[in-house]
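Visitor: One file is attached below, query.cif, containing mmCIF, N, CA and C atoms, pLDDT in the B column; chains and numbers go by the auth columns.
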data_query
loop_
_atom_site.group_PDB
_atom_site.id
_atom_site.type_symbol
_atom_site.label_atom_id
_atom_site.label_comp_id
_atom_site.label_asym_id
_atom_site.label_seq_id
_atom_site.Cartn_x
_atom_site.Cartn_y
_atom_site.Cartn_z
_atom_site.B_iso_or_equiv
_atom_site.auth_seq_id
_atom_site.auth_asym_id
ATOM 1 N N MET A 1 29.757 73.199 24.773 86.00 1193 A
ATOM 2 C CA MET A 1 29.696 72.893 26.184 86.00 1193 A
ATOM 3 C C MET A 1 28.938 71.589 26.427 86.00 1193 A
ATOM 4 N N GLU A 2 27.831 71.408 25.748 89.00 1194 A
ATOM 5 C CA GLU A 2 27.042 70.186 25.915 89.00 1194 A
ATOM 6 C C GLU A 2 27.823 68.965 25.461 89.00 1194 A
ATOM 7 N N PHE A 3 28.630 69.139 24.418 94.00 1195 A
ATOM 8 C CA PHE A 3 29.445 68.039 23.915 94.00 1195 A
ATOM 9 C C PHE A 3 30.447 67.583 24.974 94.00 1195 A
ATOM 10 N N ILE A 4 31.079 68.533 25.635 94.00 1196 A
ATOM 11 C CA ILE A 4 32.064 68.210 26.663 94.00 1196 A
ATOM 12 C C ILE A 4 31.394 67.498 27.840 94.00 1196 A
ATOM 13 N N LEU A 5 30.242 67.993 28.255 92.00 1197 A
ATOM 14 C CA LEU A 5 29.511 67.336 29.341 92.00 1197 A
ATOM 15 C C LEU A 5 29.088 65.928 28.946 92.00 1197 A
ATOM 16 N N GLY A 6 28.708 65.736 27.695 91.00 1198 A
ATOM 17 C CA GLY A 6 28.344 64.408 27.208 91.00 1198 A
ATOM 18 C C GLY A 6 29.525 63.453 27.225 91.00 1198 A
ATOM 19 N N ILE A 7 30.696 63.938 26.848 95.00 1199 A
ATOM 20 C CA ILE A 7 31.907 63.113 26.868 95.00 1199 A
ATOM 21 C C ILE A 7 32.267 62.742 28.301 95.00 1199 A
ATOM 22 N N ILE A 8 32.167 63.707 29.220 92.00 1200 A
ATOM 23 C CA ILE A 8 32.448 63.426 30.632 92.00 1200 A
ATOM 24 C C ILE A 8 31.475 62.394 31.168 92.00 1200 A
ATOM 25 N N TRP A 9 30.187 62.559 30.850 90.00 1201 A
ATOM 26 C CA TRP A 9 29.180 61.607 31.321 90.00 1201 A
ATOM 27 C C TRP A 9 29.443 60.205 30.749 90.00 1201 A
ATOM 28 N N LEU A 10 29.793 60.118 29.488 91.00 1202 A
ATOM 29 C CA LEU A 10 30.093 58.832 28.870 91.00 1202 A
ATOM 30 C C LEU A 10 31.284 58.167 29.565 91.00 1202 A
ATOM 31 N N GLY A 11 32.302 58.951 29.878 93.00 1203 A
ATOM 32 C CA GLY A 11 33.463 58.420 30.579 93.00 1203 A
ATOM 33 C C GLY A 11 33.101 57.891 31.958 93.00 1203 A
ATOM 34 N N LEU A 12 32.286 58.632 32.702 90.00 1204 A
ATOM 35 C CA LEU A 12 31.856 58.170 34.027 90.00 1204 A
ATOM 36 C C LEU A 12 31.010 56.907 33.930 90.00 1204 A
ATOM 37 N N TRP A 13 30.158 56.853 32.935 90.00 1205 A
ATOM 38 C CA TRP A 13 29.297 55.695 32.720 90.00 1205 A
ATOM 39 C C TRP A 13 30.129 54.451 32.404 90.00 1205 A
ATOM 40 N N LEU A 14 31.104 54.605 31.507 93.00 1206 A
ATOM 41 C CA LEU A 14 31.981 53.480 31.178 93.00 1206 A
ATOM 42 C C LEU A 14 32.819 53.067 32.376 93.00 1206 A
ATOM 43 N N TRP A 15 33.312 54.028 33.142 92.00 1207 A
ATOM 44 C CA TRP A 15 34.087 53.735 34.341 92.00 1207 A
ATOM 45 C C TRP A 15 33.250 52.910 35.322 92.00 1207 A
ATOM 46 N N ALA A 16 31.983 53.286 35.508 91.00 1208 A
ATOM 47 C CA ALA A 16 31.095 52.555 36.414 91.00 1208 A
ATOM 48 C C ALA A 16 30.905 51.118 35.931 91.00 1208 A
ATOM 49 N N LEU A 17 30.672 50.933 34.640 92.00 1209 A
ATOM 50 C CA LEU A 17 30.479 49.576 34.110 92.00 1209 A
ATOM 51 C C LEU A 17 31.729 48.727 34.285 92.00 1209 A
ATOM 52 N N ILE A 18 32.888 49.294 34.040 93.00 1210 A
ATOM 53 C CA ILE A 18 34.140 48.550 34.205 93.00 1210 A
ATOM 54 C C ILE A 18 34.353 48.183 35.674 93.00 1210 A
ATOM 55 N N LYS A 19 34.090 49.116 36.571 92.00 1211 A
ATOM 56 C CA LYS A 19 34.233 48.850 38.005 92.00 1211 A
ATOM 57 C C LYS A 19 33.250 47.778 38.476 92.00 1211 A
ATOM 58 N N ILE A 20 32.023 47.826 37.966 92.00 1212 A
ATOM 59 C CA ILE A 20 31.022 46.830 38.349 92.00 1212 A
ATOM 60 C C ILE A 20 31.470 45.452 37.885 92.00 1212 A
ATOM 61 N N LEU A 21 31.871 45.342 36.636 92.00 1213 A
ATOM 62 C CA LEU A 21 32.256 44.039 36.095 92.00 1213 A
ATOM 63 C C LEU A 21 33.544 43.514 36.720 92.00 1213 A
ATOM 64 N N GLY A 22 34.405 44.386 37.201 92.00 1214 A
ATOM 65 C CA GLY A 22 35.655 43.964 37.812 92.00 1214 A
ATOM 66 C C GLY A 22 35.570 43.757 39.316 92.00 1214 A
ATOM 67 N N SER A 23 34.419 44.007 39.900 90.00 1215 A
ATOM 68 C CA SER A 23 34.274 43.877 41.353 90.00 1215 A
ATOM 69 C C SER A 23 34.209 42.405 41.750 90.00 1215 A
ATOM 70 N N GLY A 24 34.325 42.168 43.031 89.00 1216 A
ATOM 71 C CA GLY A 24 34.284 40.809 43.550 89.00 1216 A
ATOM 72 C C GLY A 24 32.873 40.339 43.869 89.00 1216 A
ATOM 73 N N ALA A 25 31.875 41.077 43.457 88.00 1217 A
ATOM 74 C CA ALA A 25 30.482 40.717 43.730 88.00 1217 A
ATOM 75 C C ALA A 25 30.077 39.489 42.917 88.00 1217 A
ATOM 76 N N SER A 26 28.990 38.873 43.332 91.00 1218 A
ATOM 77 C CA SER A 26 28.481 37.705 42.606 91.00 1218 A
ATOM 78 C C SER A 26 27.986 38.117 41.223 91.00 1218 A
ATOM 79 N N THR A 27 27.864 37.147 40.353 93.00 1219 A
ATOM 80 C CA THR A 27 27.423 37.416 38.985 93.00 1219 A
ATOM 81 C C THR A 27 26.024 38.036 38.969 93.00 1219 A
ATOM 82 N N GLY A 28 25.134 37.523 39.782 93.00 1220 A
ATOM 83 C CA GLY A 28 23.779 38.071 39.839 93.00 1220 A
ATOM 84 C C GLY A 28 23.770 39.518 40.283 93.00 1220 A
ATOM 85 N N SER A 29 24.588 39.832 41.258 91.00 1221 A
ATOM 86 C CA SER A 29 24.689 41.202 41.740 91.00 1221 A
ATOM 87 C C SER A 29 25.243 42.126 40.660 91.00 1221 A
ATOM 88 N N LYS A 30 26.248 41.653 39.940 92.00 1222 A
ATOM 89 C CA LYS A 30 26.825 42.446 38.854 92.00 1222 A
ATOM 90 C C LYS A 30 25.785 42.730 37.780 92.00 1222 A
ATOM 91 N N VAL A 31 25.002 41.716 37.433 93.00 1223 A
ATOM 92 C CA VAL A 31 23.967 41.884 36.399 93.00 1223 A
ATOM 93 C C VAL A 31 22.949 42.926 36.843 93.00 1223 A
ATOM 94 N N LEU A 32 22.524 42.856 38.096 93.00 1224 A
ATOM 95 C CA LEU A 32 21.542 43.820 38.591 93.00 1224 A
ATOM 96 C C LEU A 32 22.101 45.245 38.590 93.00 1224 A
ATOM 97 N N TRP A 33 23.360 45.418 38.986 92.00 1225 A
ATOM 98 C CA TRP A 33 23.965 46.748 38.981 92.00 1225 A
ATOM 99 C C TRP A 33 24.110 47.280 37.567 92.00 1225 A
ATOM 100 N N VAL A 34 24.534 46.424 36.649 91.00 1226 A
ATOM 101 C CA VAL A 34 24.686 46.861 35.249 91.00 1226 A
ATOM 102 C C VAL A 34 23.334 47.272 34.690 91.00 1226 A
ATOM 103 N N LEU A 35 22.295 46.488 34.954 92.00 1227 A
ATOM 104 C CA LEU A 35 20.957 46.839 34.474 92.00 1227 A
ATOM 105 C C LEU A 35 20.489 48.163 35.067 92.00 1227 A
ATOM 106 N N LEU A 36 20.753 48.367 36.350 91.00 1228 A
ATOM 107 C CA LEU A 36 20.351 49.622 36.989 91.00 1228 A
ATOM 108 C C LEU A 36 21.046 50.814 36.333 91.00 1228 A
ATOM 109 N N VAL A 37 22.349 50.681 36.075 90.00 1229 A
ATOM 110 C CA VAL A 37 23.094 51.784 35.463 90.00 1229 A
ATOM 111 C C VAL A 37 22.670 51.999 34.010 90.00 1229 A
ATOM 112 N N LEU A 38 22.299 50.936 33.311 89.00 1230 A
ATOM 113 C CA LEU A 38 21.877 51.075 31.914 89.00 1230 A
ATOM 114 C C LEU A 38 20.459 51.632 31.792 89.00 1230 A
ATOM 115 N N VAL A 39 19.556 51.166 32.651 92.00 1231 A
ATOM 116 C CA VAL A 39 18.150 51.565 32.539 92.00 1231 A
ATOM 117 C C VAL A 39 17.921 52.963 33.122 92.00 1231 A
ATOM 118 N N LEU A 40 18.576 53.266 34.218 89.00 1232 A
ATOM 119 C CA LEU A 40 18.447 54.580 34.862 89.00 1232 A
ATOM 120 C C LEU A 40 19.831 55.209 34.939 89.00 1232 A
ATOM 121 N N PRO A 41 20.315 55.759 33.841 83.00 1233 A
ATOM 122 C CA PRO A 41 21.714 56.187 33.787 83.00 1233 A
ATOM 123 C C PRO A 41 22.141 57.156 34.888 83.00 1233 A
ATOM 124 N N VAL A 42 21.405 58.214 35.117 86.00 1234 A
ATOM 125 C CA VAL A 42 21.835 59.207 36.106 86.00 1234 A
ATOM 126 C C VAL A 42 21.595 58.692 37.519 86.00 1234 A
ATOM 127 N N ILE A 43 20.372 58.302 37.802 90.00 1235 A
ATOM 128 C CA ILE A 43 20.025 57.817 39.142 90.00 1235 A
ATOM 129 C C ILE A 43 20.789 56.531 39.452 90.00 1235 A
ATOM 130 N N GLY A 44 20.875 55.624 38.488 87.00 1236 A
ATOM 131 C CA GLY A 44 21.594 54.373 38.686 87.00 1236 A
ATOM 132 C C GLY A 44 23.058 54.594 38.992 87.00 1236 A
ATOM 133 N N PHE A 45 23.685 55.535 38.296 85.00 1237 A
ATOM 134 C CA PHE A 45 25.091 55.840 38.544 85.00 1237 A
ATOM 135 C C PHE A 45 25.280 56.392 39.948 85.00 1237 A
ATOM 136 N N ILE A 46 24.405 57.289 40.356 89.00 1238 A
ATOM 137 C CA ILE A 46 24.518 57.888 41.689 89.00 1238 A
ATOM 138 C C ILE A 46 24.326 56.822 42.767 89.00 1238 A
ATOM 139 N N ILE A 47 23.327 55.971 42.617 90.00 1239 A
ATOM 140 C CA ILE A 47 23.095 54.896 43.590 90.00 1239 A
ATOM 141 C C ILE A 47 24.302 53.970 43.619 90.00 1239 A
ATOM 142 N N TRP A 48 24.807 53.585 42.446 88.00 1240 A
ATOM 143 C CA TRP A 48 25.962 52.697 42.403 88.00 1240 A
ATOM 144 C C TRP A 48 27.167 53.344 43.072 88.00 1240 A
ATOM 145 N N PHE A 49 27.392 54.631 42.823 88.00 1241 A
ATOM 146 C CA PHE A 49 28.559 55.328 43.361 88.00 1241 A
ATOM 147 C C PHE A 49 28.583 55.256 44.888 88.00 1241 A
ATOM 148 N N PHE A 50 27.416 55.399 45.519 92.00 1242 A
ATOM 149 C CA PHE A 50 27.362 55.406 46.977 92.00 1242 A
ATOM 150 C C PHE A 50 27.123 54.026 47.589 92.00 1242 A
ATOM 151 N N ALA A 51 26.455 53.108 46.880 89.00 1243 A
ATOM 152 C CA ALA A 51 26.070 51.843 47.507 89.00 1243 A
ATOM 153 C C ALA A 51 26.486 50.607 46.736 89.00 1243 A
ATOM 154 N N GLY A 52 27.167 50.776 45.626 82.00 1244 A
ATOM 155 C CA GLY A 52 27.505 49.630 44.787 82.00 1244 A
ATOM 156 C C GLY A 52 28.582 48.741 45.358 82.00 1244 A
ATOM 157 N N PRO A 53 28.828 47.623 44.680 73.00 1245 A
ATOM 158 C CA PRO A 53 29.862 46.690 45.140 73.00 1245 A
ATOM 159 C C PRO A 53 31.241 47.330 45.083 73.00 1245 A
ATOM 160 N N LYS A 54 32.022 47.075 46.076 67.00 1246 A
ATOM 161 C CA LYS A 54 33.373 47.653 46.143 67.00 1246 A
ATOM 162 C C LYS A 54 34.425 46.603 45.883 67.00 1246 A
#
Please go through the file and, once you have read it, give me the structure as structure tokens.

Guide:
Amino acid sequence: MEFILGIIWLGLWLWALIKILGSGASTGSKVLWVLLVLVLPVIGFIIWFFAGPK
């Protein structure tokens, strides 16, 4: 069960990084979002999901 949850989390994390890098935001904004998602994986992902660049 933990393995499946880990795979799902990894997929969501990669999806967030791809969406951030593909967004129309400025380079500086992209770097800050990527750092937030990398340094604070759970909290950063949640913040990005609701407030990140679209």

Visitor: Just want the 10 Å neighbourhood of Phe1237 (chain A), counted on only C-alpha atoms, with same-chain residues fewer than 2 positions away dropped. Output as a VMD selection string.

Guide: chain A and resid 1204 to 1205 1208 to 1209 1225 to 1226 1228 to 1230 1232 to 1235 1239 to 1244

Visitor: Report, in Å to a single decimal, how far apart atom N of Pro1245 (chain A) and atom N of Ser1218 (chain A) are.

Guide: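 Pair atom N of Ser1218 (chain A) / atom N of Pro1245 (chain A) returns 8.9 Å.
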
Visitor: Expressed in Å to a single decimal, how great is the separation between CA of Gly1236 (chain A) and CA of Thr1219 (chain A)?

Guide: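 About the pair CA of Gly1236 (chain A) and CA of Thr1219 (chain A): they are 17.9 Å apart.
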
Visitor: Using DSSP on the backbone coordinates, identify all residues within chain A classified as alpha helix (DSSP H); present the result as a ChimeraX atom specification.

Guide: /A:1194-1214,1219-1231,1233-1243

Visitor: Between A:Met1193, A:Ile1238, A:Leu1224, A:Val1231, which one has atoms that come closest to Ile1212 (chain A), using only C-alpha atoms?

Guide: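 For Ile1212 (chain A), the nearest of the given residues is A:Leu1224.
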
Visitor: Between CA of Ser1215 (chain A) and CA of Ile1199 (chain A), what is the distance, to one decimal in Å?

Guide: 24.2 Å

Visitor: Emit as JSON the padded axis-aligned box for all listed atoms of region 1225-1238 of chain A, 6 Å per side, with centre and edge lengths in Å to one decimal.

Guide:
{"center_x": 21.6, "center_y": 52.3, "center_z": 37.3, "size_x": 19.4, "size_y": 25.8, "size_z": 23.0}

Visitor: Just want the 7 Å neighbourhood of Ala1217 (chain A), counted on all atoms listed in the file, with same-chain residues fewer than 3 positions away dropped. Output as a PDB file with N, CA and C atoms, in the frame of the given file.

Guide:
ATOM      1  N   GLY A1214      34.405  44.386  37.201  1.00 92.00           N
ATOM      2  CA  GLY A1214      35.655  43.964  37.812  1.00 92.00           C
ATOM      3  C   GLY A1214      35.570  43.757  39.316  1.00 92.00           C
ATOM      4  N   GLY A1220      25.134  37.523  39.782  1.00 93.00           N
ATOM      5  CA  GLY A1220      23.779  38.071  39.839  1.00 93.00           C
ATOM      6  C   GLY A1220      23.770  39.518  40.283  1.00 93.00           C
ATOM      7  N   SER A1221      24.588  39.832  41.258  1.00 91.00           N
ATOM      8  CA  SER A1221      24.689  41.202  41.740  1.00 91.00           C
ATOM      9  C   SER A1221      25.243  42.126  40.660  1.00 91.00           C
ATOM     10  N   LYS A1222      26.248  41.653  39.940  1.00 92.00           N
ATOM     11  CA  LYS A1222      26.825  42.446  38.854  1.00 92.00           C
ATOM     12  C   LYS A1222      25.785  42.730  37.780  1.00 92.00           C
ATOM     13  N   PRO A1245      28.828  47.623  44.680  1.00 73.00           N
ATOM     14  CA  PRO A1245      29.862  46.690  45.140  1.00 73.00           C
ATOM     15  C   PRO A1245      31.241  47.330  45.083  1.00 73.00           C
ATOM     16  N   LYS A1246      32.022  47.075  46.076  1.00 67.00           N
ATOM     17  CA  LYS A1246      33.373  47.653  46.143  1.00 67.00           C
ATOM     18  C   LYS A1246      34.425  46.603  45.883  1.00 67.00           C
TER      19      LYS A1246
END
